[in-house]
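See structure below.
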Amino acid sequence: MSAAPEIREFLRSRRARIDPPSVGLGPSATGRRRPGLRREEVAALAGVSVDYYARLEQGRIGNVSDQVLTAIEDALRLDRLEREHLRTLVASGGVARPRPPAPAPRARPGLHALVERMDPIPTILQGPRMELLASNRAARVLLTDFSAKPVAERNIARWLFLDPETRIRYPDWEEVAGPTVAALRANHDPHRPDPALSRLVGELTVASADFARFWASYRLFRHGHGTKRIFHEPVGILTLNYETLEIPDSGGQFLSTYTADVGSPSDEKLRLLMSWAADQETGSRRA
């Protein structure tokens, strides 16, 4: 299997996003049919021949020296994650060395117990394809009750793009959905076939024009930390901090926790939301 199409798509997407004046290039005498830099402009900025860069972009080149690759990365203004991705793509001259498909992720019993013990801190455990492997009561209240869904539908990306309620749950839906797709992109390795990821991407590309748009942008993202705004009708909008913790020796699993700044309005709202949900559950049991 060849990684050449991935190399071509990635490098084209990166030169297309660069505004020529930002790298000191003036207006083109012949006009530009497409946004971004031309191949010859990237080659000039990197100090390589146009033919050499063209062959690299087409995936038709063998071993690339570290010096040349660094120059091209600098010319395209790649960040650390993008540089790692490009080097993965060009490994072995663009010819992939197939490895066994990654197995379906399973959460260790200890991780299940940890997630439950984290309550009342909303906590979820995900696999590398955004599979929801475990969640505690607080997370099911804050996000959605994944345990009530069929196993095949317990996936954060599938939920974000196929459940219209998520656009209410997240007032800044685009800012949540975009990085989710970018994280899937970052986990896509043409050197390691992943039929489950390919099926997920294929299904969501057909079912959601927004997913297809985000996937085509070829953005890369690795979950870390930040803030998200989440809406619940009983309490309004909560501004929460999320932290991502990678699980060693788990095949790419990671924990996500949600907390509010101590003493903040969102801290009080989160407590009220959990209390309200508990009252709803008690009422349901009595009924």
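The way I read the labels, and the way they are meant: chains A, B, ... in the order of the structure tokens, residue 1 as the first residue of every chain, and ligand 1 as the first ligand shown, with later ones counted on from there.
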
Residues flagged strand (DSSP E) by DSSP in segment 35-260 of chain A, as JSON, numbers by chain: {"A": [123, 124, 125, 126, 132, 133, 134, 135, 225, 226, 227, 228, 229, 230, 231, 232, 236, 237, 238, 239, 240, 241, 242, 243, 244, 245, 246, 254, 255, 256, 257, 258, 259]}

Leu143 of chain A surroundings by only C-alpha atoms, 9 Å radius, close-in-sequence under 2 positions cut, as a list in words:
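Final neighbour list, sorted by chain and number: Pro122, Ala138, Ala139, Arg140, Val141, Asp145, Phe146, Thr166, Arg169 and Ile230 of chain A.
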
I need the chosen residues saved as a short mmCIF file (atom, residue, chain, number, x, y, z; two decimals), in the first residue's frame, with N, CA and C atoms.
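Result file follows (again_28.cif):
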```cif
data_model
loop_
_atom_site.label_atom_id
_atom_site.label_comp_id
_atom_site.auth_asym_id
_atom_site.auth_seq_id
_atom_site.Cartn_x
_atom_site.Cartn_y
_atom_site.Cartn_z
N PRO A 122 -17.03 14.85 36.17
CA PRO A 122 -17.38 14.18 34.91
C PRO A 122 -16.12 13.64 34.22
N ALA A 138 -21.62 11.43 36.46
CA ALA A 138 -21.52 12.86 36.21
C ALA A 138 -21.33 13.16 34.73
N ALA A 139 -20.52 12.35 34.04
CA ALA A 139 -20.31 12.55 32.61
C ALA A 139 -21.57 12.26 31.82
N ARG A 140 -22.31 11.24 32.25
CA ARG A 140 -23.55 10.92 31.54
C ARG A 140 -24.58 12.03 31.70
N VAL A 141 -24.55 12.72 32.83
CA VAL A 141 -25.43 13.87 33.03
C VAL A 141 -24.96 15.05 32.19
N ASP A 145 -26.10 10.11 27.89
CA ASP A 145 -26.01 8.77 28.47
C ASP A 145 -25.63 7.78 27.37
N PHE A 146 -24.33 7.63 27.18
CA PHE A 146 -23.85 6.71 26.15
C PHE A 146 -24.22 5.27 26.47
N THR A 166 -26.41 17.79 19.90
CA THR A 166 -25.07 18.27 20.27
C THR A 166 -24.88 19.74 19.89
N ARG A 169 -26.16 21.31 22.92
CA ARG A 169 -25.29 21.04 24.06
C ARG A 169 -24.03 21.88 24.02
N ILE A 230 -20.73 24.36 27.72
CA ILE A 230 -21.75 23.32 27.61
C ILE A 230 -23.07 23.88 28.15
#
```

Shortest contact to Lys228 of chain A, candidates A:Asn241, A:Gln58, A:Gln253, A:Ser147, atoms counted only C-alpha atoms, goes to A:Asn241

Wanna dump the segment 176-212 of chain A-segment 151-159 of chain A contacts at 10 Å for me, each residue with its shortest atom pair and the distance in Å to one decimal, counting only C-alpha atoms, ordered by chain and number, as a Markdown table?
```
| residue | atom | partner | partner_atom | distance |
| --- | --- | --- | --- | --- |
| A:Ala177 | CA | A:Ala157 | CA | 7.7 |
| A:Thr180 | CA | A:Ala157 | CA | 6.6 |
| A:Val181 | CA | A:Ala157 | CA | 7.3 |
| A:Leu184 | CA | A:Ala157 | CA | 8.8 |
| A:Leu200 | CA | A:Arg158 | CA | 8.0 |
| A:Val201 | CA | A:Ala157 | CA | 9.5 |
| A:Glu203 | CA | A:Arg158 | CA | 9.1 |
| A:Leu204 | CA | A:Arg158 | CA | 7.1 |
| A:Ala207 | CA | A:Arg158 | CA | 9.9 |
| A:Ser208 | CA | A:Arg158 | CA | 9.8 |
| A:Phe211 | CA | A:Ala157 | CA | 9.0 |
```

Go ahead and save the residues from that selection, with C-alpha atoms, as a tab-separated table (two decimals), in the first residue's frame.
```
chain	number	residue	atom	x	y	z
A	177	ALA	CA	-16.35	19.34	16.19
A	180	THR	CA	-12.49	16.10	17.04
A	181	VAL	CA	-12.11	15.39	13.32
A	184	LEU	CA	-9.06	11.41	14.05
A	200	LEU	CA	-16.16	5.47	10.67
A	201	VAL	CA	-14.69	8.13	8.40
A	203	GLU	CA	-19.89	6.65	7.18
A	204	LEU	CA	-19.57	10.13	8.64
A	207	ALA	CA	-23.83	11.22	6.48
A	208	SER	CA	-22.49	14.66	7.41
A	211	PHE	CA	-17.66	16.09	8.83
```

Next on the checklist: Could you list, as a PyMOL selection string, every residue within 6 Å of Glu243 of chain A, counting only C-alpha atoms and ignoring same-chain residues fewer than 5 positions away?
Outcome noted: chain A and resi 225+256-257

- prompt: Would you give me, as a PyMOL selection string, the residues in segment 76-237 of chain A that DSSP reads as alpha helix (DSSP H)?
  reply: chain A and resi 80-90+109-117+137-142+156-162+166-169+173-187+195-207+209-216

For Pro20 of chain A, find every residue with an atom within 8 Å (counting only C-alpha atoms), except residues of its own chain fewer than 4 positions away, and show them as a PDB file with C-alpha atoms, in the first residue's frame.
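Result file around_19.pdb:
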```
ATOM      1  CA  GLY A  24       7.201  38.187   1.197  1.00  0.00           C
ATOM      2  CA  LEU A  25       5.707  37.299  -2.184  1.00  0.00           C
ATOM      3  CA  GLY A  26       4.051  40.065  -4.185  1.00  0.00           C
ATOM      4  CA  GLY A  36      -1.871  29.617  -1.219  1.00  0.00           C
ATOM      5  CA  LEU A  37       1.611  28.995  -2.543  1.00  0.00           C
TER       6      LEU A  37
END
```

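Take atom CA of Glu268 of chain A and atom CA of Glu233 of chain A: the distance between them is 14.7 Å.
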
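Near Glu40 of chain A, within a cut-off of 12 Å and counting only C-alpha atoms, sit the residues A:Arg15, A:Gly36, A:Leu37, A:Ala43, A:Ala44, A:Leu45, A:Ala46, A:Gly47, A:Val48, A:Ser49, A:Val50, A:Asp51, A:Tyr52, A:Tyr53, A:Ala54, A:Arg55, A:Glu57, A:Ile72, A:Ala75, with same-chain residues fewer than 3 positions away left out.
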
Students should find that atom CA of Glu116 of chain A and atom CA of Ala260 of chain A are spaced 18.9 Å

Between A:Pro248, A:Ser135, A:Ile168, A:Ile18, which has the minimum distance to Asp119 of chain A (counting only C-alpha atoms)?
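Using only C-alpha atoms, Asp119 of chain A sits closest to A:Ser135.
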
Practice task
For Pro171 of chain A, please output as a PyMOL selection string all residues within 9 Å (counting only C-alpha atoms; exclusion window: fewer than 6 positions along the same chain).
Solution key: chain A and resi 229-231+237

Output of the above residues as a JSON list (two decimals), in the first residue's frame, restricted to C-alpha atoms:
```
[["chain", "number", "residue", "atom", "x", "y", "z"],
["A", 229, "ARG", "CA", -18.92, 25.78, 26.98],
["A", 230, "ILE", "CA", -21.75, 23.32, 27.61],
["A", 231, "PHE", "CA", -25.45, 24.18, 27.77],
["A", 237, "ILE", "CA", -24.21, 27.67, 29.96]]
```

Given only C-alpha atoms as the basis, pick out the residue of A:Thr70, A:His188, A:Gly251, A:Asp19 nearest to Arg32 of chain A.
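The closest residue to Arg32 of chain A is A:Asp19.
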
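One distance worth recording is that between atom CA of Val115 of chain A and atom CA of Pro234 of chain A, which is 25.3 Å.
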
- [ ] Tell me which protein, DNA and RNA residues are within 10 Å of segment 104-110 of chain A, counting only C-alpha atoms, leaving out same-chain ones fewer than 6 positions away, and put them as number ranges by chain.
- [x] A: 116, 125-129, 131-134, 194, 196, 250-253

Export of the given selection (N, CA and C atoms) as a JSON list (two decimals), in the first residue's frame:
```
[["chain", "number", "residue", "atom", "x", "y", "z"],
["A", 116, "GLU", "N", -15.37, 5.45, 37.45],
["A", 116, "GLU", "CA", -16.51, 5.51, 38.37],
["A", 116, "GLU", "C", -16.13, 6.25, 39.65],
["A", 125, "LEU", "N", -13.65, 7.79, 29.33],
["A", 125, "LEU", "CA", -12.49, 7.09, 28.78],
["A", 125, "LEU", "C", -12.77, 6.81, 27.31],
["A", 126, "GLN", "N", -11.87, 7.25, 26.43],
["A", 126, "GLN", "CA", -12.06, 7.06, 25.00],
["A", 126, "GLN", "C", -10.92, 6.24, 24.40],
["A", 127, "GLY", "N", -11.25, 5.59, 23.28],
["A", 127, "GLY", "CA", -10.25, 4.91, 22.48],
["A", 127, "GLY", "C", -9.72, 5.85, 21.42],
["A", 128, "PRO", "N", -8.73, 5.43, 20.62],
["A", 128, "PRO", "CA", -8.10, 6.30, 19.63],
["A", 128, "PRO", "C", -9.03, 6.75, 18.51],
["A", 129, "ARG", "N", -10.15, 6.05, 18.32],
["A", 129, "ARG", "CA", -11.11, 6.45, 17.29],
["A", 129, "ARG", "C", -12.31, 7.16, 17.91],
["A", 131, "GLU", "N", -13.94, 6.15, 20.47],
["A", 131, "GLU", "CA", -14.88, 5.20, 21.08],
["A", 131, "GLU", "C", -15.06, 5.57, 22.55],
["A", 132, "LEU", "N", -16.31, 5.56, 23.01],
["A", 132, "LEU", "CA", -16.58, 5.80, 24.42],
["A", 132, "LEU", "C", -16.50, 4.45, 25.13],
["A", 133, "LEU", "N", -15.46, 4.27, 25.93],
["A", 133, "LEU", "CA", -15.21, 2.99, 26.58],
["A", 133, "LEU", "C", -15.73, 2.95, 28.00],
["A", 134, "ALA", "N", -15.83, 4.09, 28.64],
["A", 134, "ALA", "CA", -16.35, 4.16, 30.01],
["A", 134, "ALA", "C", -16.72, 5.59, 30.33],
["A", 194, "ASP", "N", -6.40, 0.49, 9.36],
["A", 194, "ASP", "CA", -7.34, 0.54, 10.48],
["A", 194, "ASP", "C", -8.75, 0.50, 9.90],
["A", 196, "ALA", "N", -11.61, -0.16, 11.11],
["A", 196, "ALA", "CA", -12.65, 0.47, 11.93],
["A", 196, "ALA", "C", -12.65, 1.98, 11.73],
["A", 250, "SER", "N", -2.00, 1.34, 26.51],
["A", 250, "SER", "CA", -3.43, 1.09, 26.32],
["A", 250, "SER", "C", -3.85, 1.11, 24.86],
["A", 251, "GLY", "N", -2.91, 1.32, 23.95],
["A", 251, "GLY", "CA", -3.27, 1.38, 22.54],
["A", 251, "GLY", "C", -3.93, 2.69, 22.14],
["A", 252, "GLY", "N", -3.60, 3.77, 22.85],
["A", 252, "GLY", "CA", -4.12, 5.08, 22.47],
["A", 252, "GLY", "C", -5.33, 5.54, 23.26],
["A", 253, "GLN", "N", -5.66, 4.89, 24.35],
["A", 253, "GLN", "CA", -6.80, 5.32, 25.17],
["A", 253, "GLN", "C", -6.42, 6.56, 25.99]]
```

Using only C-alpha atoms, the shortest atom-to-atom distance to Ser22 of chain A among A:Leu76, A:Val235, A:Ala212, A:Ala91 belongs to A:Leu76
